[in-house]
Each structure stands twice: as C-alpha cells, then as structure tokens.
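Colleague: Could you have a look at this structure, given as structure tokens, before my questions?
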Amino acid sequence: MEGMDSQYGGRWGCRDTVESNSYTISSSSGTFSTAYTSASDSRMSPAEAAATHSDVVWEQVVDKKGRAKCLAQEFFAGNGSIDGAGDMHVMEKWFTQLGVEWVIRPVAGELHHHTLSNAARQWSRVLDEIDSSMTGLFVDSYWEISEIAGMDVVSAWEKELDVTESETQVDSSTIVRLQLARFIHEAMLRMCPFVDYIVALNPIHGVPGLYDMLDALLHVHGALSTALRLPSTRSVASSELKRVHGEMVSLLTEKQGKAGEAVWTTMEEIWTRILKSVDTDDSWRDPKGSSGIHKLTIFLTSYIKLLYTHHWSVAPIVSEAVRLGNYVARIDSNRPFRCLIIETNMFLEEKLAQMSLLFPDQSFRFLFLVNNSYFIWEELTELRDFVWESHMEYSVPSKIENYLQSYLHVSWAPVLSCLSCNTTFFLGRSTPLCKFESEFMRTYTTQKLWKVPDPTMRGMLRKAIVERVVPEYRKYMENNNVTTPRITLQELEEMLQELFEG
C-alpha cells in the first residue's frame with residue numbers, strides 16, 4: 001500500500017471491510033463513575049492535598065478489590081469449578097451495576113443503542129475497573145494471612161488446586177486469590193468479544209464514520225494496553241495463579257494486537273478517503289465562497305488531536321507500521337509518530353493554500369488563510385512543542401503573520417495610496433481625499449460582513465487595520481489642513497471596529 005502521497009512519504013492503503021450487524025449495545029439503568037471528588041479544602045497545602053488525593057484513590061482501589069472478592073465468592077459458591085462454571089447471574093449483576101450489561105446479553109431487539117464511541121468508553125472504563133480489582137493479586141508479599149475466607153470456600157477450592165501443591169503449602173490467602181483471579185479471568189472472557197465486534201465493523205458514514213470507529217478503537221486499545229501491565233509472577237508460589245495469569249496475558253495480548261491492527265488499517269482508510277475527497281469531491285475541495293473554517297481543517301485538526309490524546313497507545317502502532325514497511329517516516333525517522341503528525345499538518349496547510357487560489361478576491365483569499373491557520377494554531381495548542389520543535393520552517397505563527405500582512409497589503413494599501421496621489425486636480429475632478437473616502441467605503445462595505453469566527457483573531461485584525469489606516473489618514477488631514485472631513489478620525493476607527501461580523 002503506497003503512501004500519504006509521494007511527497008509526504010507515508011505508505012497508506014485501503015482496508016478490507018467486514019459487515020457485522022449482530023451485536024447491539026444498550027443503555028443502562030446502572031451507573032458507573034470513576035470521578036474523584038477532592039476531600040481537600042483551600043486551607044490545605046499542595047502536599048497535603050496530594051496526600052489526601054492519594055489516600056482517597058487508594059481507598060477506592062481497596063474498595064473495588066473488596067467488592068470483586070465478594071462477587072467472586074458468590075460467583076463460585078455453588079461448585080467453585082476450575083473451569084469457571086460459576087453463577088452467570090452474579091456476573092450479569094456486576095456488569096449491570098457497571099453499566100455494560102450488553103456485554104452479557106448482546107441480543108438484537110432487546111436493547112437500545114449507544115453510539116459506538118460511548119460504548120467503547122463504557123467498555124474501557126469497566127475493563128479499568130476489572131483491572132483495579134487485581135491490585136496485588138499476583139504479588140505474594142501484598143497478601144496477608146488475615147485475608148481468610150470462610151472454611152467452606154477454602155475447602156471447596158483446595159480440591160481444585162494443582163496436585164503438586166500439598167495442603168500444607170496452600171494457605172487461605174492463596175485460595176481467595178485464586179478464586180478472585182478466576183472470576184476476573186471469566187469477566188475478561190465475557191468482555192473481549194466486544195473487541196472482535198468493533199474490529200469487524202464496516203462504517204457506513206464515510207470519513208466521519210471512520211473517525212468515530214477510530215475513536216472507539218483507540219479507547220479499547222488503550223484499555224487493553226493498560227490491563228496488560230500485569231506484574232510478573234516470578235514471586236508467586238502458586239502454579240495455579242501463574243496459569244491463570246498466563247491465560248489473562250494471552251487473552252489480552254491477542255485482543256490488543258487485533259485492536260492495534262484495526263487502528264492502523266482505519267487510519268490508512270481515513271487517509272485514503274481524505275486524499276480522494278480533496279482531489280475529486282467539490283464539497284471538500286472548494287471553500288464555497290466562505291472565509292471561515294473549512295471542513296478539512298476541522299476534521300484534520302480533530303484527527304491530529306485524537307491521535308495525540310492517545311499517543312502513548314498510537315506511537316507503538318506507528319512504529320510497528322514502519323517496521324513492517326507500511327509507513328515511511330521521512331521527516332523524523334527516529335520518532336515516526338511525531339513525523340506522522342507533522343506530515344498530516346503539512347498536508348493540511350498545503351491543501352488550504354491550494355483551495356485559497358480558487359478565490360478571485362485576493363483579500364478574501366488571505367483572510368481565509370488567516371482564519372484557518374489561526375484555527376490550527378489554537379486547536380493544536382498542546383502539540384506546539386511536540387510538533388514544531390526544531391522544525392520552525394513549519395511554524396504556523398510565522399505563516400499567520402505573513403498571511404495577515406499580505407491581507408493588509410492587498411486590502412488597505414490601495415485605499416491608503418489614494419492619499420499620496422500628487423496629480424494636479426482640476427475643477428470637477430476627484431481630490432485625493434474624495435478618492436480615499438470612496439475607496440475606503442467600498443472596502444469597508446465589502447468586508448464588513450466577511451467572517452472571522454475567532455474573536456481574538458477578529459480583534460487582532462481590526463487592531464492591525466486601525467494601526468495601518470488611521471495614522472495615515474490623520475497625517476493627511478494635518479498636512480493638508482482638513483478641518484471638516486466627511487469621515488472623522490473617530491468615525492473611521494469605529495467603522496473599522498465593525499469589520500468581520502459576518
């Protein structure tokens with residue numbers, strides 16, 4: 001699959017899509033929240049507030065693990081089977097409380113629909129909840145003998161342990177841990193089919209649909225990556241715990257790999273469709289007479305922000321694409337993800353420059369470039385150092401300034417030139433002041449309803465115009481003893497402050 005295009009270097013291609021309509025997602029009457037409400041007040045020092053926050057978070061973790069332990073005992077209360085044949089009503093109750101009962105009951109017609117991204121966020125939060133329940137599970141030194149379950153549970157589970165572990169080697173703490181580990185593994189087995197579902201989706205709404213799918217995939221991939229940060233079992237004595245740990249890692253690794261591949265192929269397809277759209281689709285290629293923010297600008301800045309938000313997850317995927325030859329990082333081969341972001345931004349800026357040439361009015365053209373470049377700069381605030389470090393030739397601020405100065409030159413230099421005319425005027429002929437007033441009113445009337453959507457940039461433009469026009473007008477009136485102009489200095493400045501309200 002060949003790349004971004006020959007100039008931008010990346011190799012991008014289309015993905016094969018698979019139809020899938022068998023999985024439905026429901027809204028839930030249950031609630032789930034990981035929000036933290038600070039217990040600190042304004043009298044606390046930063047260190048005290050941080051300590052309080054840590055204590056609260058730790059209490060939440062302990063509480064989650066405690067709830068999971070109780071559910072695990074309830075789940076296996078009937079037989080404690082090593083094969084995980086527990087009471088699925090318990091699992092369903094837990095998932096309902098967490099707001100994802102559709103994981104257990106994906107039956108068409110019974111459930112309401114969530115948006116894909118909302119479902120993925122819910123799923124990711126629940127996987128994080130499950131992950132939190134495993135705190136210390138595979139660290140022997142974390143568990144104390146005081147964490148003893150009832151003897152009925154212990155005796156049932158002793159029969160299920162590896163035959164190499166004698167009764168004297170098995171303490172009650174290990175029994176409880178093994179019970180919890182198998183319960184969590186069972187929960188993961190119920191969660192993971194959602195990964196297969198989302199990977200197999202075939203978006204039906206073009207580029208926006210692909211963007212939603214990528215958003216969902218990144219949340220899922222990120223949650224799987226976090227869950228895979230399980231500690232090593234080298235210090236675990238129980239061979240059964242090690243086995244369950246290995247099965248969890250194997251399951252999560254498989255699904256993470258599948259989600260990662262889907263992330264990359266979705267990124268490829270987004271780029272393929274973008275390239276096609278800007279070259280063949282007038283709704284993408286033509287600004288349609290508006291100086292406002294083009295939809296390509298809105299989409300690609302959102303796309304860049306989405307990738308950057310998940311950069312810790314996306315960066316390894318991009319590096320793997322480089323290793324496999326599916327992407328060539330030409331700007332910064334040592335940091336492929338950064339290179340991808342820079343290339344995407346450069347592509348956007350080039351396409352905007354090409355689109356601007358479709359405007360017959362040069363003033364309108366440069367205003368379009370000012371608006372869109374400033375939008376990029378503001379939207380990608382958090383990426384500024386990351387993207388443009390040591391690449392100042394790609395710096396957006398310098399381009400904004402150049403576009404602004406070009407706009408001032410093509411719009412207001414002709415107006416001001418009327419005041420410097422040295423031609424001798426005869427009776428009935430226009431004077432320099434009359435020509436200025438006429439040209440000024442024409443430009444003002446034309447541009448008053450042009451659009452500059454960002455109020456900060458609108459103020460900057462007005463200020464720059466005032467500073468360019470008003471001093472020259474004042475100088476002319478003083479040098480020529482004009483005492484009763486048709487447009488006073490105050491009126492001139494007030495009119496300039498009315499520009500760009502379209």
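Letters A, B, ... mark the chains of the structure tokens in the order given; residue numbers begin at 1 per chain; ligand numbers begin at 1, in order shown.
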Give me the residues within 12 Å of Asn334 of chain A as a count of residues only, counting only C-alpha atoms and dropping any in the same chain fewer than 4 places off.
Modeller: 11
Colleague: In terms of the shortest atom-to-atom distance over only C-alpha atoms, which of A:Leu489, A:Ala68, A:Leu499, A:Ala413 is closest to Thr445 of chain A?
Modeller: A:Leu499
Colleague: What is the atom CA of Ile304 of chain A to atom CA of Ala262 of chain A distance in Å?
Modeller: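 Here the two named atoms are 17.7 Å from each other.
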Colleague: Would you list the contacts of Thr443 of chain A as a list of chain:residue names, taking every protein, DNA or RNA residue within 12 Å and counting only C-alpha atoms, but skipping same-chain residues closer than 5 positions in sequence?
Modeller: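 Surrounding residues, per the criterion: A:Asp361, A:Ser363, A:Phe364, A:Leu408, A:Val410, A:Ser411, A:Trp412, A:Ala413, A:Pro414, A:Val415, A:Leu416, A:Phe436, A:Glu437, A:Ser438, A:Lys448, A:Leu449, A:Trp450, A:Ile465, A:Met495, A:Leu496, A:Leu499, A:Phe500.
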Colleague: Fewer than 5 positions away in the same chain doesn't count, so skip those; otherwise give me all residues within 7 Å of Phe368 of chain A, counting only C-alpha atoms, as a list of chain:residue names.
Modeller: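 The contact residues come out as A:Ser291, A:Gly292, A:Ser356.
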